[in-house]
Every structure is written in structure tokens, then in C-alpha cells.
Amino acid sequence: MALLDGFPLLSALVWLPLLGAIVLYAIPGGDSPEGQLRSRGLALGFTVMTLILSLLALSRFSSNQPGYQLVESFRWIEALGVRYELGIDGVSLALILLTTILMPLIVLSSHSIHESVRGYLACMLVLETAMLGTLVALDLFLFYLFWEFMLAPMYLIIGIWGGKRRVYASMKFVLYTAVGSVLMFVAILYTSWMAYDQAGVQLPSFLLGDLLHARFTLQEQIWLFAAFALAMCIKIPLFPLHTWLPDAHVEAPTGGSVVLAGVLLKMGLYGLFRFGYPLFPDGAAVFAPYLAALAVIGIIYGACIAWVQLDIKKLVAYSSVSHLGYCVLGLVAGTSLSVTGSTVQMINHGISTGALFLLVGVLYDRTHTRLIADYGGIAAKVPVFATLFLLFTLSSIALPLTNGFVGEFMILSGSYETYPMLTFFALAGVVLGAVYMLTLYMKTMYGEVNPAREGLTDIRLIEAVTLAPLLILVFWLGLFPQPLVDLIEPSVVRSLQITKERSHVLRESELTREALIPEDMAPRGVLMQKQSEYPSRPMSL
Amino acid sequence: MTNVTQWVAVIPTAVLGLGGMVLALAPRGEERIPAFGALALLLVALSVPFLFEGGYTAGVGASGVLNAGLFGAGFLHDPVTWFFTVLVLTGTLVVVAMSFGRLKSLGISSSPEYYGLLLMTSASAIVLVGAGELITIFVGLEALSLGLYCLCGSAVSSRRSVEGALKYFILGSFSSAFLLYGMSVLYGVTGSTELAVIARELVSVRQIPAIFGVGLILVGVFFKLGAVPFHFWAPDVYQGAPTPVTAYMASVVKAAALAMAMRLLWNGFGHNEVAGWWLGSAWTVALLTMIVGNIVAVRQRNVKRMLAYSSVAHVGYMTAALLPPGARAAGGGALLFYIVAYSVVTFGAFAVTMAVTGDRVDQPSADDISSFAGLSRTNPRIAAAMTLFLLTLAGLPPGTVGLVGKFYLLSVVVQSHFVGLAVVAAICSAISCYFYLRVISAMYVQQATDVTPPHFVSPLGTRIVIGSMVAASIILGLTPSFVHNRAQAVAHGVFVRQP
């Protein structure tokens with residue numbers, strides 16, 4: 001691919017959707033019926049083009065090569081050493097692919113949106129830029145920028161196109177996430193400043209690679225990790241910080257729920273994996289048992305609450321709390337198997353829960369109710385729908401041969417080494433997961449036919465087309481998970497190695513730091529540049 | 001010292017002051033004449049700092065030490081004066097553009113006096129930002145305040161406007177008295193009104209009266225900035241004043257007060273020992289200002305009052321960056337950038353508020369959040385612009401410049417080990433998301449009500465202001481270094497020197 005050498009692939013990937021949003025608004029008359037159709041077409045085109053770019057990135061990525069790849073790096077805010085630096089490893093690439101695969105499907109599902117379709121699609125495209133940016137940013141400030149950038153479009157998506165309590169739900173979503181994030185902001189500033197203070201260089205830096213050289217006392221690490229973890233755990237959301245999630249999911253339009261469950265929730269886990277753990281390994285070690293315990297509580301609690309829900313969407317939302325608990329458990333268990341499994345599970349959850357939300361949307365479009373009691377016996381009326389619903393349900397409860405099984409199995413077997421008791425309890429969640437999902441299936445699809453549902457029509461072609469790629473992925477990843485694992489695992493192993501070595505750095509000060517940082521993680525000469533006119537280093541009080 | 005070019009720093013003040021007097025005498029009735037006159041005078045004044053930039057650096061010697069300044073250190077022609085002169089003039093230009101074609105609907109009957117006063121007030125603001133000596137500071141501040149009292153009450157038919165002006169006048173007089181008393185005490189102790197001399201003398205004089213004097217001056221400074229607990233005038237005055245005047249107060253006047261605060265606190269009372277006297281109380285003021293500003297803003301239903309409390313809150317963040325004794329170059333750079341960024345979005349937000357209120361200034365629902373309900377459907381572009389401004393104020397992307405500004409400020413605060421203050425600032429800015437987003441929520445989520453204006457086309461001036469503020473905030477957000485490097489260089493030249 002010599003043709004593409006020097007082409008800023010990641011920048012193109014990140015900014016293309018935003019360009020799409022601008023194009024949508026640049027063409028006049030977008031709110032007429034023809035304009036709406038054209039907007040959908042354009043948005044689909046841009047998301048598919050983004051998907052193609054991400055596949056291109058996949059083709060140019062080699063998982064054996066260590067470090068970040070396809071790196072782009074420019075100075076941005078000089079005086080404070082902020083750089084526009086993008087790069088990917090296997091974990092971020094997997095999540096990028098999940099994002100770019102889900103987005104065209106969300107655009108396809110936008111036929112249920114009737115009011116100002118153009119605005120909805122533009123918000124989705126802006127959100128895609130924000131999400132992709134979060135996944136590729138290697139500079140902490142840039143990461144934070146994209147991280148916060150996800151809020152505004154999601155706020156509008158829930159607020160404008162949501163259900164009855166959308167004002168409440170959207171505000172709750174923003175306030176919860178904002179409170180977590182701002183503390184992370186201060187932590188980022190502190191981290192960078194301490195690194196600058198120690199390194200004795202001219203420019204401060206926010207680059208992950210540079211910050212990995214900084215040493216923090218245990219006390220500092222505990223506070224800094226707590227600030228990062230709070231932001232991330234609200235996003236995930238970890239029990240007991242999850243209360244915004246059911247509201248947001250229930251009120252969000254179908255596409256909003258899909259992107260929320262599919263991608264946004266994963267950002268918290270990604271942030272912990274990419275920044276929280278490598279930067280503050282000892283702080284993380286202090287919190288790990290508590291996080292694991294909360295994760296297991298979340299698994300069981302989420303499952304129990306899901307079991308008693310009357311609203312299908314709320315049930316799926318609580319099932320997310322339960323499933324994300326597995327991901328957290330896998331991540332904090334810290335073995336390469338469990339962390340890889342956690343990442344695989346993130347992808348799988350995005351696929352199966354995304355599909356379930358799409359299916360709930362299909363039902364809601366027809367009947368305008370989401371109450372389980374309003375359904376019953378509809379399998380005979382809508383056989384194709386019922387089959388699809390069954391397949392995704394099975395994927396969600398992690399039946400072998402579906403994708404869900406792979407991730408859960410890896411997490412549980414990997415975590416057993418670290419937390420045998422907690423893993424034992426987490427197993428209960430697997431059973432409970434089957435109970436609530438199959439109960440849901442039974443109550444809605446079988447039994448007495450609800451007379452109100454007599455005229456229910458089966459799934460339409462466009463809806464089938466939307467779900468087909470996800471169905472293929474369910475079985476593909478269920479039968480052949482190895483390519484995905486191969487993509488993710490080397491990056492996970494490396495990240496764990498850095499985490500481990502850095503915690504050594506802190507404990508055994510006789511070892512020099514430089515010797516322990518792998519070569520490709522060393523700063524790329526950024527810190528050595530002295531062209532800044534940054535004033536003499538300020539004294540502290 | 002005989003260099004002629006250094007006197008150019010006085011030209012903008014002279015042009016505006018004299019021109020403003022002439023303008024005020026123009027015949028009433030035709031708004032165009034004074035407005036275009038003001039525009040022309042401002043452009044002439046604005047060309048001076050750009051054409052004769054050397055005149056503002058002539059005062060800085062090779063060692064970075066300032067010479068005595070003009071008028072016996074009364075007016076310092078240093079880079080900081082350059083920066084604030086440009087800011088004040090540009091800001092006034094924006095206010096003129098905002099006011100043009102609007103005066104009738106704002107209830108201002110006499111356009112020549114309005115524009116004349118505006119220019120004279122800006123002339124005093126430039127005197128204030130360059131003042132390096134207590135008497136000049138006081139004269140500049142008083143002239144500025146007098147102009148403002150009149151401008152606030154210029155909508156003579158509106159009770160709110162007159163009430164606000166009177167409140168501002170009475171409270172402002174009190175604060176001036178404090179300031180003047182403090183200055184006299186300081187003069188008594190140090191024997192000089194020159195900041196540079198005071199800075200040298202303060203270290204060795206008797207502490208009790210000196211602390212007393214510094215404290216009284218601080219009260220006056222914090223009153224002008226609108227910091228808690230001296231902020232009580234802000235909401236009433238902001239709400240009552242005609243909206244362009246409110247925008248003027250929130251940006252230009254705030255910038256001038258900030259310049260005064262920086263010169264007094266850093267150049268006057270900046271010595272490490274002396275800073276210890278006021279650091280604690282200023283820390284408390286910063287903390288209270290952030291908390292009270294943000295929390296009280298949550299309760300506001302009137303958008304102008306909300307923006308008033310929001311400006312109190314932003315003063316809190318800025319005060320936090322005034323503290324660090326060791327990081328004044330970085331702190332100065334951050335503050336100058338922040339005031340620029342804040343002014344841009346504040347102009348934008350007030351211009352939108354004015355456009356939405358339109359002719360209904362005297363109705364009870366004027367500037368109420370309910371008149372923004374459903375605005376995205378009747379006036380999608382205005383709503384989109386307002387969204388950008390509010391997100392910027394909240395520090396949420398795509399309002400990147402707000403986030404970058406906070407980033408500069410808080411990094412200075414964190415670097416100086418005021419981590420607690422930074423954490424409080426961060427939590428407060430999360431709270432602020434609520435009241436900024438509530439307006440966005442009204443515009444996009446709620447249905448239009450009977451007080452929502454139908455589709456309207458604002459006067460050209462308002463449209464230009466809104467459009468250029470959108471452009472400015474986007475450009476500043478993407479390339480902040482362009483302004484920040486300048487700001488940092490300016491601050492470095494003036495504030496980094498220990499007296």
C-alpha cells in the first residue's frame with residue numbers, strides 16, 4: 001500500500017464523520033421529504049466510508065509489531081506542550097471497528113425518526129467523530145477533549161429525540177458524566193505537571209509515552225487513579241454509579257441506545273485500560289479488589305433488577321450493567337487472558353446488546369409500547385422477528401457457538417487466578433442472565449396471544465438488512481474468535497507488561513527507569529525539543 | 001526617555017475621549033451619525049497600537065525593566081497596556097455594532113449621548129489598564145465607573161434600568177471610598193503613590209497599617225471584578241442595564257478591572273512577603289466566588305441574571321489564577337487568554353439574548369428562559385450559535401476555547417500546588433453544565449411557547465456580532481497558541497519581574 005504512505009489515515013477516520021455532518025447542513029432544503037431521504041443517504045455514505053477507512057487501518061495494522069501504529073503527531077498548543085497525537089493498538093482498533101460497524105446500522109435504523117432527521121444524523125456523525133477521537137488519542141489533553149466532546153451530541157440525541165422523560169434523562173446523563181470527568185481533568189493536569197517537574201525538561205507534555213516516565217508516590221497514585229477511575233466508572237457504569245444508565249437508555253431513541261450501549265459505555269473501560277492502569281499501577285492495585293467486588297455486585301445486582309423489569313428496554317439496560325460488570329472484573333483481574341477476554345466481551349456486548357436494542361426499537365415502532373405485559377405469543381405472528389430475537393438473546397446469555405460465550409469464558413477463566421471467590425459469585429450472573437433473558441423471551445414470544453397484537457407485522461427488509469451484519473458477527477466471532485483475540489492479545493500483553501514494570505519502578509527504586517521502559521514507548525524526541533519560549537520554571541509556594 | 005514614539009500609547013485615549021465629547025453633541029434623532037462616528041473613531045484608535053507597536057515596548061529596557069512610564073509613572077506604556085488597549089477597543093467596537101439599530105427597542109432615546117458616553121468610558125478604561133500609580137488608577141476607575149452608571153441608566157423609560165444604575169452607583173461609591181481610603185493609608189505608610197516604589201517600600205514598613213491599606217484596596221478591586229462577597233450588585237445591574245451595556249460590563253470593564261488587579265496585586269503587592277498578607281483572603285474569595293456564582297446561577301430563570309452569576313463564577317476561576325506568586329508569567333498568560341475567550345463568548349451570548357428579546361424589553365418575560373423555548377425551530381441558526389456559546393462557557397467541546405481557557409487557568413493553579421482550589425473549580429464547572437444546558441434544553445427540547453419569538457431577522461450589526469463571535473470562538477479553540485503566545489509574552493515582560 002505504498003500509495004497510502006504518509007496519508008493521515010487516523011485523522012481522516014476521525015474527522016470524516018464531522019465533515020459528513022457539515023455537508024448535511026451545507027446542502028439546503030434538508031428538512032423537506034426528499035431532503036430527509038438525501039440526508040439519510042449522505043449519512044449512510046459517510047459512515048460506510050468511515051467503515052472502509054477503519055478496514056484500511058486494519059489492513060495496515062500488524063498486531064505483532066509492538067507499540068502504537070499509524071501514529072500522527074503534531075504540535076498543537078505549544079506553551080503547554082499539548083500535541084495532536086493519534087495512534088492505535090489492537091485494543092483501540094477492535095473498538096474502532098465496533099464503532100464504525102455499528103454507525104451505518106444506526107443510520108439505517110433512523111427511519112423511525114420523523115422529526116428533523118437531518119439534525120439527528122448530524123448529531124450521530126459528530127458523536128462518531130468524538131468516539132473515534134477518544135479511541136485514537138494518545139495525548140491526554142486530546143483524549144479529554146474528545147471524551148467531553150461525546151457529551152454534547154449524546155445530550156441532544158436523548159434530549160431532542162427521546163421519550164417522555166427525556167429532559168430529565170439527558171440532564172442526568174450529562175451531569176453524572178461531567179462530574180466524573182472534571183476531576184479527571186484536574187488529575188490530568190497534575191499528572192502532566194509532576195512529570196514535567198521530575199523530568200527537568202523545557203516543555204511540559206501530555207503524551208502518554210512521556211507521562212509513563214513519571215514517578216508518583218503511592219499517595220499520589222491513589223488520588224490520581226481515584227480521579228481517573230471515578231470518571232471511567234461513571235461511564236462504564238459500575239455499580240453503584242449506574243443509576244443514570246437505565247434512564248438514559250429508556251428515554252433515548254433506538255439509535256441512541258445502540259450507540260450508548262454499543263460504544264459509549266466501553267469508553268470507560270478503554271480509558272482505564274489505556275491510561276488509568278499503566279499510569280498509576282500501584283494506585284490501581286490498591287483499588288483493584290474493591291473494583292472487582294463492585295463489578296461482581298454489579299453483575300448479580302444488574303441481573304436481579306433486570307429480572308423484575310416490566311419494560312423491555314429497561315431490562316436490556318440493566319443487563320448492560322450486568323454484562324459490563326464482567327468486563328470490569330476481567331480488566332481488574334489483570335491476567336492477559338482476563339483482560340483480553342474483557343476486550344472481546346466489550347465487542348460482543350456491543351454487537352448483541354446493540355442488536356437487542358434495535359429489535360426492541362422494531363417492536364416499539366409498531367406498537368408504541370415497551371411493556372412486557374403488552375406482548376405475548378407474538379412468535380407466531382412474526383416468525384422472522386422471533387427467530388432473530390432468539391438468536392441475539394442466546395448471544396446475550398453467552399451460549400457456546402455465539403460470540404458472547406467466548407468473552408465470558410475468557411474473563412471467568414482468567415479472573416479465577418486472581419479472584420477465585422469473586423469469580424465464583426460472578427458465575428451466578430451467567431445463570432441469572434439466562435433466567436431473565438429467557439423469561440423475557442418466553443413472556444413476549446410465547447404463551448397467550450395478546451389480542452392487541454393481532455395485527456403485528458413481521459420485520460421489514462430494511463430492518464433485516466440492519467440486523468444481518470450483526471447476526472453474521474455473532475456467529476463469526478462465536479465460531480472463529482481467534483482473529484479477534486490475535487488482534488487484541490499482543491497489545492494487552494504489552495500494556496500489562498508496562499503496568500507491571502512501572503509498578504516495579506515505583507517499588508524498587510534501585511532500577512533505573514529508562515532501562516525498564518520499552519524502546520517504542522520512549523518519547524519521540526518531543527521532550528528534547530527546546531524551541532519553546534516557556535518562561536523560567538515557576539517556583540512553588 | 002525623550003523618545004517621541006512612546007507617547008503614541010496615549011493617542012487611543014485622547015481620540016476616544018475627545019471624539020466622544022464631540023459625538024455627544026451630535027444632533028439627536030439620526031442614529032447613524034453618532035454610530036458611524038463612533039465606529040470611525042474606534043478604528044482610528046485601534047490602528048494606533050497596531051501601527052506603532054514599538055511605542056508600547058519602548059518603555060521596556062534591555063533588562064526587561066520598565067522605565068518610569070509617562071506622566072511620572074502615571075501611565076505605563078508597556079506590552080500589557082498594548083494588549084488591554086486592543087482588547088478594550090475591539091470590545092467597544094463590538095458593543096457599538098451590537099447597539100446599532102437597536103437603541104430604540106432598548107429604550108435609549110438619545111443616541112449621541114449613548115455613543116459618546118461609550119467612547120469616553122472606554123477612554124477611561126484604557127487609562128485604568130495602563131495606570132501604574134494610585135491616583136491614576138483611582139481617576140481611571142472613577143471615570144470608568146461614572147460612564148458606566150450613566151450607560152446602565154441610559155434606558156430612561158425602563159424602571160429596571162434606572163434601578164440598576166442607582167444600585168450600581170451607590171454600591172460603587174462605597175467601594176470607591178474603600179479603595180481611596182486604602183490608597184491614602186498606603187501613601188501614608190510608604191510615602192509614594194507609585195506602584196513600583198510602593199512595592200519596594202512595603203517590605204520594610206510597619207505591617208499593621210500596610211496590611212490594612214492593602215486589604216481596603218483589595219475590597220475595591222474585588223468589587224469591580226464582581227467577586228463574592230462583593231458581587232451583590234452584579235445580577236440586578238446586569239439585568240437592568242440595556243443588553244449591549246451588560247455585555248460591555250461583562251467583557252471590557254471586567255478586562256480593565258482584571259488589568260488593574262494584576263498590576264496592583266502583582267506589581268504593587270507582589271513581593272513574596274507582601275503576597276502572604278493577601279493570599280489567604282484572596283484564596284477564600286476565589287473559592288467563594290466559584291461556589292456561590294455557580295450555585296446561585298442554577299436558580300435563575302432570567303437568562304441575563306444567569307449570565308451575570310455565570311460571570312461571577314468565571315471571575316472566581318480567574319481569581320484563582322491571580323494567586324500563585326511563583327507563576328505570574330504563566331498565570332498572566334492564562335488570564336489574558338481567558339479574558340479574551342470569555343469576552344468573545346459573552347458578547348455572543350448577550351447578542352443572542354438581545355436578538356431573542358427584540359422589542360419586548362419591558363415585558364415581564366423579557367430575557368426569560370421561556371422565551372428561548374423552541375427557538376431551534378423558529379430560528380435554528382441563532383439557536384445553534386447560542387448553543388456554541390453556552391457550551392463554551394460550560395467548557396464542553398465543541399466549545400473548545402472554553403475548555404482550553406480553563407485548561408490554561410487550572411494548569412497554573414495546579415502547578416502552584418493549589419490543587420484543592422483546582423478541584424473545587426472543576427466541580428463547580430460541572431455544576432455549571434446544568435444551567436447552561438438548561439437554556440440549550442429549552443431551545444431544542446421544549447416546544448415553542450407564546451413568548452417564543454417567531455422567525456426574526458436581527459439588525460445587521462447584531463448578525464455581524466453573532467457571526468463573528470462564532471467564528472472567533474471556533475478559531476480561538478482550534479489555534480489557541482496564536483493568542484496565548486502573545487498573552488504569555490506580554491505577561492512575561494511585565495509581571496515576571498519581582499519588585
# chains A, B, ... in the order shown; residues from 1 in each chain; ligands from 1
call {"tool": "interface_residues", "arguments": {"of": "chain A", "to": "chain B", "cutoff": "9 Å", "atoms": "only C-alpha atoms", "output": "PyMOL selection string"}}
result
chain A and resi 76-80+141+145-152+156+159-161+166-167+171+174-183+185-187+189-190+193-194+533-541
call {"tool": "residues_around", "arguments": {"residues": "B:Phe212", "least_positions_apart": "3", "cutoff": "9 Å", "atoms": "only C-alpha atoms", "output": "list in words"}}
result
Gly182, Val185, Leu186, Gln207, Ile208, Pro209, Gly215, Leu216 and Ile217 of chain B
call {"tool": "residues_around", "arguments": {"residues": "A:Leu401", "least_positions_apart": "6", "cutoff": "7 Å", "atoms": "only C-alpha atoms", "output": "list in words"}}
result
Phe475, Gly478 and Leu479 of chain A
call {"tool": "select_by_dssp", "arguments": {"residues": "stretch 102-183 of chain B", "states": "alpha helix (DSSP H)", "output": "ChimeraX atom specification"}}
result
/B:103-106,111-130,134-152,159-183
call {"tool": "write_last_selection", "arguments": {"atoms": "C-alpha atoms", "output": "PDB file, in the first residue's frame"}}
result
ATOM      1  CA  LEU B 103     -31.281  51.700  20.632  1.00  0.00           C
ATOM      2  CA  LYS B 104     -34.977  52.414  20.132  1.00  0.00           C
ATOM      3  CA  SER B 105     -36.042  48.926  21.072  1.00  0.00           C
ATOM      4  CA  LEU B 106     -33.742  49.053  24.086  1.00  0.00           C
ATOM      5  CA  SER B 111     -28.191  58.039  20.597  1.00  0.00           C
ATOM      6  CA  PRO B 112     -25.423  60.718  20.522  1.00  0.00           C
ATOM      7  CA  GLU B 113     -25.076  60.692  24.274  1.00  0.00           C
ATOM      8  CA  TYR B 114     -25.064  56.907  24.349  1.00  0.00           C
ATOM      9  CA  TYR B 115     -22.273  56.503  21.817  1.00  0.00           C
ATOM     10  CA  GLY B 116     -20.372  59.486  23.228  1.00  0.00           C
ATOM     11  CA  LEU B 117     -20.517  58.050  26.731  1.00  0.00           C
ATOM     12  CA  LEU B 118     -19.466  54.659  25.457  1.00  0.00           C
ATOM     13  CA  LEU B 119     -16.326  56.091  23.884  1.00  0.00           C
ATOM     14  CA  MET B 120     -15.467  58.216  26.908  1.00  0.00           C
ATOM     15  CA  THR B 121     -15.944  55.203  29.184  1.00  0.00           C
ATOM     16  CA  SER B 122     -13.597  53.183  27.009  1.00  0.00           C
ATOM     17  CA  ALA B 123     -11.087  56.035  27.123  1.00  0.00           C
ATOM     18  CA  SER B 124     -11.147  55.779  30.919  1.00  0.00           C
ATOM     19  CA  ALA B 125     -10.826  52.015  30.687  1.00  0.00           C
ATOM     20  CA  ILE B 126      -7.582  52.476  28.751  1.00  0.00           C
ATOM     21  CA  VAL B 127      -6.347  54.925  31.378  1.00  0.00           C
ATOM     22  CA  LEU B 128      -7.095  52.304  34.005  1.00  0.00           C
ATOM     23  CA  VAL B 129      -5.311  49.430  32.265  1.00  0.00           C
ATOM     24  CA  GLY B 130      -2.176  51.498  31.844  1.00  0.00           C
ATOM     25  CA  LEU B 134      -2.538  55.001  42.705  1.00  0.00           C
ATOM     26  CA  ILE B 135      -4.034  58.362  41.768  1.00  0.00           C
ATOM     27  CA  THR B 136      -4.209  57.469  38.090  1.00  0.00           C
ATOM     28  CA  ILE B 137      -5.748  54.138  38.984  1.00  0.00           C
ATOM     29  CA  PHE B 138      -8.380  55.912  41.037  1.00  0.00           C
ATOM     30  CA  VAL B 139      -9.079  58.531  38.386  1.00  0.00           C
ATOM     31  CA  GLY B 140      -9.292  55.899  35.655  1.00  0.00           C
ATOM     32  CA  LEU B 141     -11.560  53.721  37.739  1.00  0.00           C
ATOM     33  CA  GLU B 142     -13.854  56.566  38.743  1.00  0.00           C
ATOM     34  CA  ALA B 143     -14.149  57.904  35.220  1.00  0.00           C
ATOM     35  CA  LEU B 144     -14.898  54.401  34.027  1.00  0.00           C
ATOM     36  CA  SER B 145     -17.495  53.878  36.735  1.00  0.00           C
ATOM     37  CA  LEU B 146     -19.205  57.238  36.163  1.00  0.00           C
ATOM     38  CA  GLY B 147     -19.562  56.467  32.491  1.00  0.00           C
ATOM     39  CA  LEU B 148     -20.964  53.057  33.365  1.00  0.00           C
ATOM     40  CA  TYR B 149     -23.528  54.407  35.837  1.00  0.00           C
ATOM     41  CA  CYS B 150     -24.883  56.637  33.083  1.00  0.00           C
ATOM     42  CA  LEU B 151     -24.801  53.884  30.474  1.00  0.00           C
ATOM     43  CA  CYS B 152     -26.634  51.495  32.803  1.00  0.00           C
ATOM     44  CA  ARG B 159     -37.556  51.208  35.643  1.00  0.00           C
ATOM     45  CA  ARG B 160     -35.190  48.259  35.835  1.00  0.00           C
ATOM     46  CA  SER B 161     -32.502  50.173  34.023  1.00  0.00           C
ATOM     47  CA  VAL B 162     -32.731  53.170  36.331  1.00  0.00           C
ATOM     48  CA  GLU B 163     -32.938  50.965  39.405  1.00  0.00           C
ATOM     49  CA  GLY B 164     -29.850  49.044  38.319  1.00  0.00           C
ATOM     50  CA  ALA B 165     -27.954  52.248  37.655  1.00  0.00           C
ATOM     51  CA  LEU B 166     -28.801  53.650  41.064  1.00  0.00           C
ATOM     52  CA  LYS B 167     -27.848  50.445  42.844  1.00  0.00           C
ATOM     53  CA  TYR B 168     -24.604  50.294  40.957  1.00  0.00           C
ATOM     54  CA  PHE B 169     -23.915  53.940  41.735  1.00  0.00           C
ATOM     55  CA  ILE B 170     -24.497  53.641  45.449  1.00  0.00           C
ATOM     56  CA  LEU B 171     -22.586  50.412  45.931  1.00  0.00           C
ATOM     57  CA  GLY B 172     -19.879  51.558  43.545  1.00  0.00           C
ATOM     58  CA  SER B 173     -19.396  54.752  45.535  1.00  0.00           C
ATOM     59  CA  PHE B 174     -18.938  52.726  48.687  1.00  0.00           C
ATOM     60  CA  SER B 175     -16.319  50.559  47.066  1.00  0.00           C
ATOM     61  CA  SER B 176     -14.537  53.617  45.687  1.00  0.00           C
ATOM     62  CA  ALA B 177     -14.444  55.009  49.190  1.00  0.00           C
ATOM     63  CA  PHE B 178     -12.839  51.825  50.442  1.00  0.00           C
ATOM     64  CA  LEU B 179     -10.345  51.953  47.632  1.00  0.00           C
ATOM     65  CA  LEU B 180      -9.479  55.581  48.214  1.00  0.00           C
ATOM     66  CA  TYR B 181      -9.136  55.071  51.944  1.00  0.00           C
ATOM     67  CA  GLY B 182      -6.818  52.146  51.339  1.00  0.00           C
ATOM     68  CA  MET B 183      -4.776  54.206  48.931  1.00  0.00           C
TER      69      MET B 183
END
call {"tool": "residues_around", "arguments": {"residues": "A:Phe228", "least_positions_apart": "3", "cutoff": "12 Å", "atoms": "only C-alpha atoms", "output": "VMD selection string"}}
result
chain A and resid 140 144 179 to 191 221 to 225 231 to 235 268 to 280 283 to 284 287
call {"tool": "atom_distance", "arguments": {"atom1": "atom CA of B:Ala282", "atom2": "atom CA of B:Leu323"}}
result
7.1 Å
call {"tool": "closest_residue", "arguments": {"among": "B:Ile211, B:Leu375, B:Leu225, B:Ala241", "to": "B:Ala275", "atoms": "only C-alpha atoms"}}
result
B:Ile211
